[in-house]
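entry-v9.cif, holding mmCIF, C-alpha atoms:
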```cif
data_protein
#
loop_
_atom_site.label_atom_id
_atom_site.label_comp_id
_atom_site.auth_asym_id
_atom_site.auth_seq_id
_atom_site.Cartn_x
_atom_site.Cartn_y
_atom_site.Cartn_z
CA MET U 112 17.23 2.21 2.51
CA ALA U 113 17.40 2.00 -1.26
CA SER U 114 20.83 3.59 -1.37
CA GLN U 115 22.22 0.87 0.88
CA MET U 116 20.92 -1.88 -1.31
CA THR U 117 21.70 -0.57 -4.73
CA ALA U 118 24.54 0.68 -6.80
CA GLN U 119 24.43 2.56 -10.04
CA LEU U 120 26.93 2.34 -12.84
CA SER U 121 26.85 4.72 -15.75
CA TYR U 122 28.91 4.98 -18.89
CA THR U 123 28.70 6.81 -22.18
CA THR U 124 28.72 5.27 -25.63
CA PRO U 125 28.05 6.84 -29.03
CA GLU U 126 24.44 5.73 -28.60
CA GLY U 127 24.08 7.71 -25.43
CA VAL U 128 24.44 7.42 -21.70
CA HIS U 129 23.78 3.99 -20.26
CA ARG U 130 23.02 3.42 -16.64
CA HIS U 131 22.89 0.15 -14.82
CA ARG U 132 21.44 -0.28 -11.40
CA PHE U 133 22.33 -3.25 -9.26
CA CYS U 134 20.24 -4.70 -6.53
CA ALA U 135 22.13 -6.71 -3.96
CA GLY U 136 20.60 -9.65 -2.17
CA PRO U 137 18.99 -13.01 -2.84
CA ILE U 138 17.78 -11.97 -6.26
CA GLN U 139 21.02 -11.82 -8.21
CA SER U 140 22.12 -10.37 -11.49
CA LEU U 141 19.56 -7.66 -11.76
CA GLY U 142 21.93 -5.16 -13.30
CA GLN U 143 19.82 -4.06 -16.22
CA ASP U 144 19.92 -1.36 -18.77
CA LEU U 145 17.37 1.17 -17.65
CA ASN U 146 16.75 2.22 -21.21
CA HIS U 147 14.88 -1.04 -21.55
CA GLN U 148 11.34 -0.94 -20.28
CA GLY U 149 11.19 -4.15 -18.28
CA SER U 150 14.35 -3.63 -16.31
CA ASP U 151 13.06 -0.84 -14.13
CA VAL U 152 9.96 -2.82 -13.28
CA GLN U 153 12.13 -5.79 -12.36
CA PHE U 154 14.42 -3.55 -10.39
CA ARG U 155 11.55 -2.09 -8.43
CA ARG U 156 10.23 -5.58 -7.73
CA CYS U 157 13.64 -6.44 -6.33
CA LEU U 158 13.64 -3.34 -4.17
CA ARG U 159 10.17 -4.17 -2.94
CA PHE U 160 11.30 -7.67 -2.05
CA HIS U 161 14.09 -6.21 0.07
CA ALA U 162 11.82 -3.61 1.61
CA ALA U 163 9.28 -6.28 2.54
CA THR U 164 11.80 -8.68 4.02
CA SER U 165 13.59 -5.96 5.95
CA ARG U 166 10.27 -4.62 7.21
CA ILE U 167 9.24 -8.05 8.44
CA CYS U 168 12.59 -8.64 10.11
CA LYS U 169 12.80 -5.21 11.71
CA SER U 170 9.25 -4.37 12.66
CA ARG U 171 8.41 -7.52 14.57
CA PRO U 172 11.16 -7.14 17.18
CA VAL U 173 10.08 -3.53 17.61
CA ILE U 174 6.52 -4.63 18.21
CA LEU U 175 7.68 -7.40 20.52
CA ASN U 176 9.86 -5.04 22.53
CA GLY U 177 7.04 -2.56 22.79
CA ILE U 178 4.39 -4.93 24.00
CA THR U 179 6.45 -7.29 26.11
CA GLY U 180 8.93 -4.85 27.63
CA GLY U 181 6.51 -2.16 28.66
CA ALA U 182 3.94 -2.08 31.41
CA TYR U 183 1.24 -3.48 29.17
CA GLY U 184 -1.32 -5.89 30.47
CA ALA U 185 -2.63 -8.81 28.47
CA GLN U 186 -5.54 -6.83 27.09
CA GLU U 187 -3.40 -3.87 26.04
CA ARG U 188 -1.02 -6.22 24.27
CA THR U 189 -3.89 -7.75 22.35
CA LEU U 190 -5.23 -4.33 21.40
CA VAL U 191 -1.83 -3.22 20.15
CA LEU U 192 -1.44 -6.46 18.20
CA VAL U 193 -4.79 -6.09 16.49
CA GLY U 194 -4.18 -2.42 15.66
CA TRP U 195 -0.75 -3.16 14.29
CA LEU U 196 -1.98 -6.10 12.21
CA ALA U 197 -4.83 -4.07 10.74
CA TRP U 198 -2.49 -1.21 9.89
CA GLN U 199 0.12 -3.56 8.45
CA VAL U 200 -2.23 -5.52 6.20
CA ALA U 201 -4.58 -2.76 5.05
CA GLY U 202 -1.84 -0.14 4.89
CA ARG U 203 0.41 -2.34 2.79
CA VAL U 204 -2.39 -3.11 0.38
CA MET U 205 -3.04 0.62 0.10
CA ALA U 206 0.61 1.52 -0.35
CA HIS U 207 1.31 -1.14 -2.97
CA LEU U 208 -1.75 -0.60 -5.12
CA SER U 209 -0.39 2.57 -6.69
CA ASP U 210 2.91 0.86 -7.50
CA ALA U 211 1.09 -2.13 -8.95
CA ILE U 212 -1.11 -0.04 -11.20
CA SER U 213 1.88 2.07 -12.27
CA GLU U 214 3.71 -1.13 -13.20
CA GLU U 215 0.76 -2.28 -15.27
CA ALA U 216 0.59 1.09 -16.98
CA GLN U 217 4.29 1.01 -17.81
CA ALA U 218 3.99 -2.50 -19.17
CA GLY U 219 1.13 -1.40 -21.39
CA THR U 220 -1.36 -3.84 -19.94
CA LEU U 221 -3.77 -1.10 -18.90
CA SER U 222 -4.29 -0.24 -22.56
CA ARG U 223 -6.76 -2.77 -23.76
CA CYS U 224 -6.49 -3.97 -27.33
CA ALA U 225 -9.55 -3.09 -29.34
CA MET T 1382 0.99 0.44 -27.04
CA CYS T 1383 -1.50 -2.21 -26.13
CA LEU T 1384 -0.51 -5.60 -24.84
CA SER T 1385 -3.51 -6.97 -23.07
CA PRO T 1386 -6.91 -8.19 -24.20
CA VAL T 1387 -7.93 -8.21 -20.54
CA PRO T 1388 -10.22 -5.39 -19.38
CA LEU T 1389 -8.78 -2.71 -17.13
CA ALA T 1390 -11.13 -3.61 -14.29
CA ALA T 1391 -10.00 -7.25 -14.37
CA VAL T 1392 -6.32 -6.25 -14.20
CA ILE T 1393 -6.92 -3.94 -11.27
CA ALA T 1394 -9.15 -6.45 -9.48
CA ALA T 1395 -6.57 -9.21 -9.91
CA ARG T 1396 -3.79 -7.00 -8.63
CA SER T 1397 -5.91 -5.94 -5.66
CA VAL T 1398 -6.74 -9.50 -4.69
CA VAL T 1399 -3.14 -10.65 -5.06
CA TYR T 1400 -1.87 -7.86 -2.83
CA LEU T 1401 -4.53 -8.63 -0.27
CA LEU T 1402 -3.57 -12.30 -0.26
CA THR T 1403 0.12 -11.46 0.06
CA ALA T 1404 -0.33 -8.94 2.85
CA GLY T 1405 -2.96 -11.14 4.50
CA MET T 1406 -0.71 -14.19 4.57
CA GLU T 1407 2.12 -12.13 5.96
CA GLY T 1408 -0.25 -10.77 8.59
CA VAL T 1409 -1.38 -14.27 9.53
CA VAL T 1410 2.23 -15.42 9.90
CA ALA T 1411 3.01 -12.37 12.04
CA ALA T 1412 -0.10 -12.97 14.15
CA VAL T 1413 0.76 -16.64 14.71
CA VAL T 1414 4.26 -15.72 15.84
CA LEU T 1415 3.21 -12.79 18.00
CA VAL T 1416 0.35 -14.65 19.66
CA PHE T 1417 2.94 -16.71 21.53
CA PHE T 1418 4.22 -13.50 23.14
CA VAL T 1419 0.98 -11.61 23.48
CA GLY T 1420 -1.62 -14.16 24.33
CA PRO T 1421 -4.68 -15.60 22.63
CA LEU T 1422 -6.32 -13.40 20.04
CA ARG T 1423 -10.09 -13.75 19.94
CA VAL T 1424 -10.87 -13.16 16.30
CA GLY T 1425 -14.60 -13.33 15.80
CA ALA T 1426 -16.83 -12.74 12.83
CA GLY T 1427 -17.57 -9.22 14.02
CA LEU T 1428 -13.92 -8.29 14.18
CA LEU T 1429 -13.30 -9.69 10.70
CA ALA T 1430 -16.35 -7.90 9.33
CA VAL T 1431 -15.19 -4.54 10.70
CA PHE T 1432 -11.72 -5.18 9.31
CA CYS T 1433 -13.10 -6.03 5.87
CA VAL T 1434 -15.19 -2.86 5.83
CA SER T 1435 -12.13 -0.83 6.84
CA LEU T 1436 -10.20 -2.55 4.09
CA LEU T 1437 -12.61 -1.06 1.54
CA GLY T 1438 -11.50 2.38 2.65
CA ALA T 1439 -7.85 1.38 2.42
CA TYR T 1440 -8.48 0.17 -1.12
CA GLY T 1441 -10.09 3.50 -1.88
CA MET T 1442 -7.04 5.39 -0.70
CA GLY T 1443 -4.83 3.01 -2.70
CA PHE T 1444 -6.84 3.69 -5.85
CA LEU T 1445 -6.64 7.39 -5.11
CA PHE T 1446 -2.85 7.27 -5.02
CA ALA T 1447 -2.80 5.04 -8.10
CA GLY T 1448 -4.82 7.61 -10.03
CA LEU T 1449 -2.43 10.34 -8.97
CA ALA T 1450 0.54 8.12 -9.92
CA LEU T 1451 -0.83 7.63 -13.44
CA VAL T 1452 -0.88 11.40 -13.96
CA PHE T 1453 2.00 12.67 -11.86
CA LYS T 1454 4.15 9.50 -12.04
CA ARG T 1455 6.42 9.93 -9.03
CA THR T 1456 4.09 9.65 -6.06
CA SER T 1457 5.69 6.76 -4.17
CA SER T 1458 7.29 9.14 -1.67
CA LEU T 1459 3.88 10.55 -0.79
CA THR T 1460 2.37 7.08 -0.57
CA ASN T 1461 5.11 5.82 1.72
CA LEU T 1462 4.84 8.95 3.86
CA VAL T 1463 1.10 8.49 4.32
CA PHE T 1464 1.59 4.78 5.03
CA SER T 1465 4.16 5.58 7.72
CA LEU T 1466 2.11 8.37 9.26
CA MET T 1467 -0.94 6.17 9.37
CA ILE T 1468 0.58 4.11 12.17
CA PHE T 1469 0.10 7.17 14.40
CA PHE T 1470 -3.09 8.56 12.92
CA THR T 1471 -4.93 5.24 12.86
CA GLY T 1472 -4.42 4.64 16.55
CA ALA T 1473 -2.78 1.31 15.82
CA PHE T 1474 -0.58 1.49 18.91
CA GLY T 1475 -2.85 3.44 21.17
CA GLY T 1476 -6.42 4.61 21.19
CA LEU T 1477 -7.03 8.13 19.93
CA GLU T 1478 -10.51 8.36 21.39
CA ARG T 1479 -9.37 10.67 24.19
CA LEU T 1480 -8.27 13.30 21.69
CA GLY T 1481 -11.84 14.47 21.19
CA TRP T 1482 -12.32 16.58 18.09
CA ALA T 1483 -8.90 15.57 16.77
CA PHE T 1484 -10.01 11.93 16.82
CA THR T 1485 -13.19 12.87 14.99
CA ALA T 1486 -11.12 14.63 12.35
CA THR T 1487 -8.63 11.80 11.91
CA ARG T 1488 -11.26 9.10 11.73
CA PHE T 1489 -12.87 10.91 8.82
CA LEU T 1490 -9.55 11.75 7.16
CA PHE T 1491 -7.92 8.31 7.33
CA PRO T 1492 -9.63 5.14 6.17
CA LEU T 1493 -8.46 2.86 8.98
CA THR T 1494 -8.82 5.03 12.10
CA TRP T 1495 -12.50 4.44 12.64
CA GLY T 1496 -12.31 0.71 11.95
CA ILE T 1497 -9.34 0.14 14.23
CA SER T 1498 -11.06 2.13 16.97
CA ILE T 1499 -14.14 -0.10 16.69
CA MET T 1500 -12.02 -3.26 16.56
CA ARG T 1501 -10.19 -2.22 19.71
CA ALA T 1502 -13.49 -1.48 21.43
CA MET T 1503 -14.86 -4.88 20.41
CA LEU T 1504 -11.78 -6.69 21.68
CA ALA T 1505 -11.86 -4.77 24.93
CA GLY T 1506 -15.44 -5.89 25.37
CA ASN T 1507 -16.79 -2.37 25.32
CA ILE T 1508 -19.11 -3.04 22.42
CA SER T 1509 -20.60 -6.12 20.80
CA LEU T 1510 -21.60 -6.66 17.21
CA PRO T 1511 -25.35 -6.29 17.88
CA ALA T 1512 -24.72 -3.16 19.91
CA LEU T 1513 -22.54 -1.85 17.10
CA TRP T 1514 -25.34 -2.48 14.65
CA ARG T 1515 -27.95 -0.84 16.87
CA SER T 1516 -25.81 2.23 17.45
CA GLY T 1517 -25.52 2.82 13.73
CA ALA T 1518 -21.73 2.94 13.92
CA SER T 1519 -21.44 -0.03 11.58
CA VAL T 1520 -23.54 1.72 8.95
CA SER T 1521 -21.54 4.92 9.37
CA LEU T 1522 -18.29 2.99 9.03
CA PHE T 1523 -19.56 1.27 5.91
CA LEU T 1524 -20.65 4.57 4.39
CA HIS T 1525 -17.29 6.11 5.25
CA SER T 1526 -15.37 3.25 3.62
CA ALA T 1527 -17.69 3.15 0.63
CA THR T 1528 -17.20 6.88 0.13
CA TYR T 1529 -13.44 6.42 0.25
CA LEU T 1530 -13.70 3.59 -2.27
CA ALA T 1531 -15.92 5.59 -4.60
CA VAL T 1532 -13.66 8.65 -4.43
CA GLY T 1533 -10.58 6.46 -4.98
CA LEU T 1534 -12.10 4.74 -8.00
CA GLY T 1535 -13.23 8.10 -9.37
CA ILE T 1536 -9.74 9.56 -9.09
CA LEU T 1537 -8.27 6.40 -10.62
CA ALA T 1538 -10.63 6.73 -13.57
CA TRP T 1539 -9.77 10.42 -13.89
CA GLY T 1540 -6.05 9.64 -13.78
CA TYR T 1541 -6.41 6.88 -16.34
CA HIS T 1542 -8.31 9.02 -18.83
CA THR T 1543 -6.08 12.04 -18.24
CA ALA T 1544 -2.93 9.98 -18.82
CA ARG T 1545 -4.38 8.43 -21.97
CA ARG T 1546 -5.43 11.81 -23.28
CA LYS T 1547 -1.94 13.17 -22.69
CA GLY T 1548 -0.38 10.01 -24.14
CA THR T 1549 1.62 9.41 -20.98
CA LEU T 1550 -0.12 6.34 -19.63
CA ASP T 1551 2.83 4.03 -20.16
CA TRP T 1552 5.55 6.59 -19.48
CA HIS T 1553 7.49 6.63 -16.31
CA TRP T 1554 10.02 9.06 -15.04
CA SER T 1555 13.63 8.21 -14.50
CA SER T 1556 15.60 8.65 -11.31
CA PRO T 1557 16.38 12.20 -10.18
CA VAL T 1558 19.90 11.76 -11.60
CA LEU T 1559 18.53 10.99 -15.02
CA ARG T 1560 15.91 13.66 -14.78
CA SER T 1561 18.44 16.33 -13.93
CA SER T 1562 20.36 15.48 -17.08
CA GLY T 1563 17.27 16.26 -19.08
CA SER T 1564 16.52 12.75 -20.28
CA ARG T 1565 13.34 10.83 -19.67
CA LEU T 1566 12.59 7.18 -19.82
CA CYS T 1567 9.81 6.28 -22.08
CA CYS T 1568 8.38 2.95 -22.99
CA SER T 1569 6.47 4.01 -26.04
CA SER T 1570 5.43 7.19 -27.69
CA SER T 1571 1.74 6.91 -26.99
CA SER T 1572 -0.95 4.58 -25.84
CA SER T 1573 -3.46 3.16 -28.20
CA MET T 1574 -7.03 4.14 -27.85
#
```
For the structure just supplied, provide its representation as structure tokens.
Amino acid sequence: MASQMTAQLSYTTPEGVHRHRFCAGPIQSLGQDLNHQGSDVQFRRCLRFHAATSRICKSRPVILNGITGGAYGAQERTLVLVGWLAWQVAGRVMAHLSDAISEEAQAGTLSRCA
Amino acid sequence: MCLSPVPLAAVIAARSVVYLLTAGMEGVVAAVVLVFFVGPLRVGAGLLAVFCVSLLGAYGMGFLFAGLALVFKRTSSLTNLVFSLMIFFTGAFGGLERLGWAFTATRFLFPLTWGISIMRAMLAGNISLPALWRSGASVSLFLHSATYLAVGLGILAWGYHTARRKGTLDWHWSSPVLRSSGSRLCCSSSSSM
């Protein structure tokens, strides 16, 4: 998914190799020099935005097709809905926590000033 | 490098709450939309309580992966893989209770399986909150989630101290392209104690 949404441009200068990554979509102009600390964090936030929006847009029709097109009764539909919601909310919290703490570590905010 | 006068626990707690609010609001929006197709969803206090207890276990697993990420840096692939596999192993789309010993194994291995199983049983009317309390399943679920949370926090603390000791707390690895060329992205040379 990431490869469809991003492009990478690299060039060499006397100071070294510079690489820019671009994130297409509503958040514009995120081509940043990766040698700068904040850019990668911003880039990953942009990717996460796209991943979240695409997941919302794609997963709900899948769920709808599954529970309205199949031979599910009203109770089975409710059970699937509750299971999916629990997995979606708790699983997303779980999956994003490691990214969030990594971001904080990279930004230096996990190192408390004495 | 040190940028924040805020304690580590406060940063992690704030991040955890924010992600819960974000995912929770998205879940509420999804539920409101899907209820029109599915039918009324009877969300009682018991259901919410079981979900909140299960959420503790999910937080534990999140902290576990965060601790690993602080030490080994590139763990997002593993996290995403586990997140995707959990849709099958939590029984979100179908009950796993008929699997017998396999269900017993998965409900202990994954933080949400047991909770979702109980939530499905409560919605189906197979068990009520008082019956759940009397059977001891609620206590077992709480202990299971609390264990996950404790293990997750322990591994996060281990990862934090290990990364600080190695001076790699605020380092992150570049893309595979950059890594193959032998360069590494680094935000600062070491973290302050």
>> List the spatial neighbours of range 1426-1429 of chain T as a PyMOL selection string - criterion: any atom at most 10 Å away, only C-alpha atoms, same-chain residues fewer than 5 positions off excluded.
In response: (chain U and resi 193) or (chain T and resi 1434-1435+1496-1497+1499-1504+1509-1511+1513)
> With only C-alpha atoms as the atoms that count, which of U:Trp198, U:Thr220, U:Arg203, U:Ser213 lies nearest to Val1399 in chain T?
Replying inline: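 Comparing U:Trp198, U:Thr220, U:Arg203, U:Ser213 against Val1399 in chain T, the winner is U:Arg203.
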>> Evaluated on this file, the PyMOL selection byres ((chain T and resi 1531-1541) around 9) picks out some residues - which ones are they, written as a PyMOL selection string?
In response: (chain U and resi 221) or (chain T and resi 1438+1440-1453+1526-1530+1542-1546+1550)
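Taking CA of Phe1417 in chain T and CA of Ala1404 in chain T as endpoints, the distance between them is 20.5 Å.
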> By how many Å are CA of Gly219 in chain U and CA of Asp1551 in chain T apart?
Replying inline: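 Value for the CA of Gly219 in chain U-CA of Asp1551 in chain T distance: 5.8 Å.
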As JSON, please: the centre and edge lengths in Å, to one decimal, of an axis-aligned box enclosing every listed atom of range 213-219 of chain U with 5 Å added on each side.
```
{"center_x": 2.4, "center_y": -0.2, "center_z": -16.8, "size_x": 13.7, "size_y": 14.6, "size_z": 19.1}
```
>> Using Å and a single decimal, report how far CA of Thr1487 in chain T sits from CA of Asn1507 in chain T.
In response: 21.1 Å
>> Please return as a VMD selection string every residue within 8 Å of (-5.4, 12.8, 11.7), taking into account all atoms listed in the file and the file's own coordinates.
In response: chain T and resid 1470 to 1471 1483 to 1484 1486 to 1488 1490 to 1491
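Distances to chain T were evaluated for U:Gln199, U:Asp210, U:Gly184, U:Gly194 using all atoms listed in the file, and the minimum falls at U:Gly194.
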>> With 12 Å as the threshold, what does the neighbourhood of (-6.3, -1.7, 25.9) contain in terms of residues, counting only C-alpha atoms? Coordinates are those of the file; answer as a ChimeraX atom specification.
In response: /U:178,182-194 /T:1472-1478,1498,1500-1507
>> Which residue is closest to chain U? Choose from T:Ala1512, T:Met1406, T:Leu1462, T:Leu1436 and count all atoms listed in the file.
In response: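 That would be T:Leu1436, the residue with the smallest distance to chain U.
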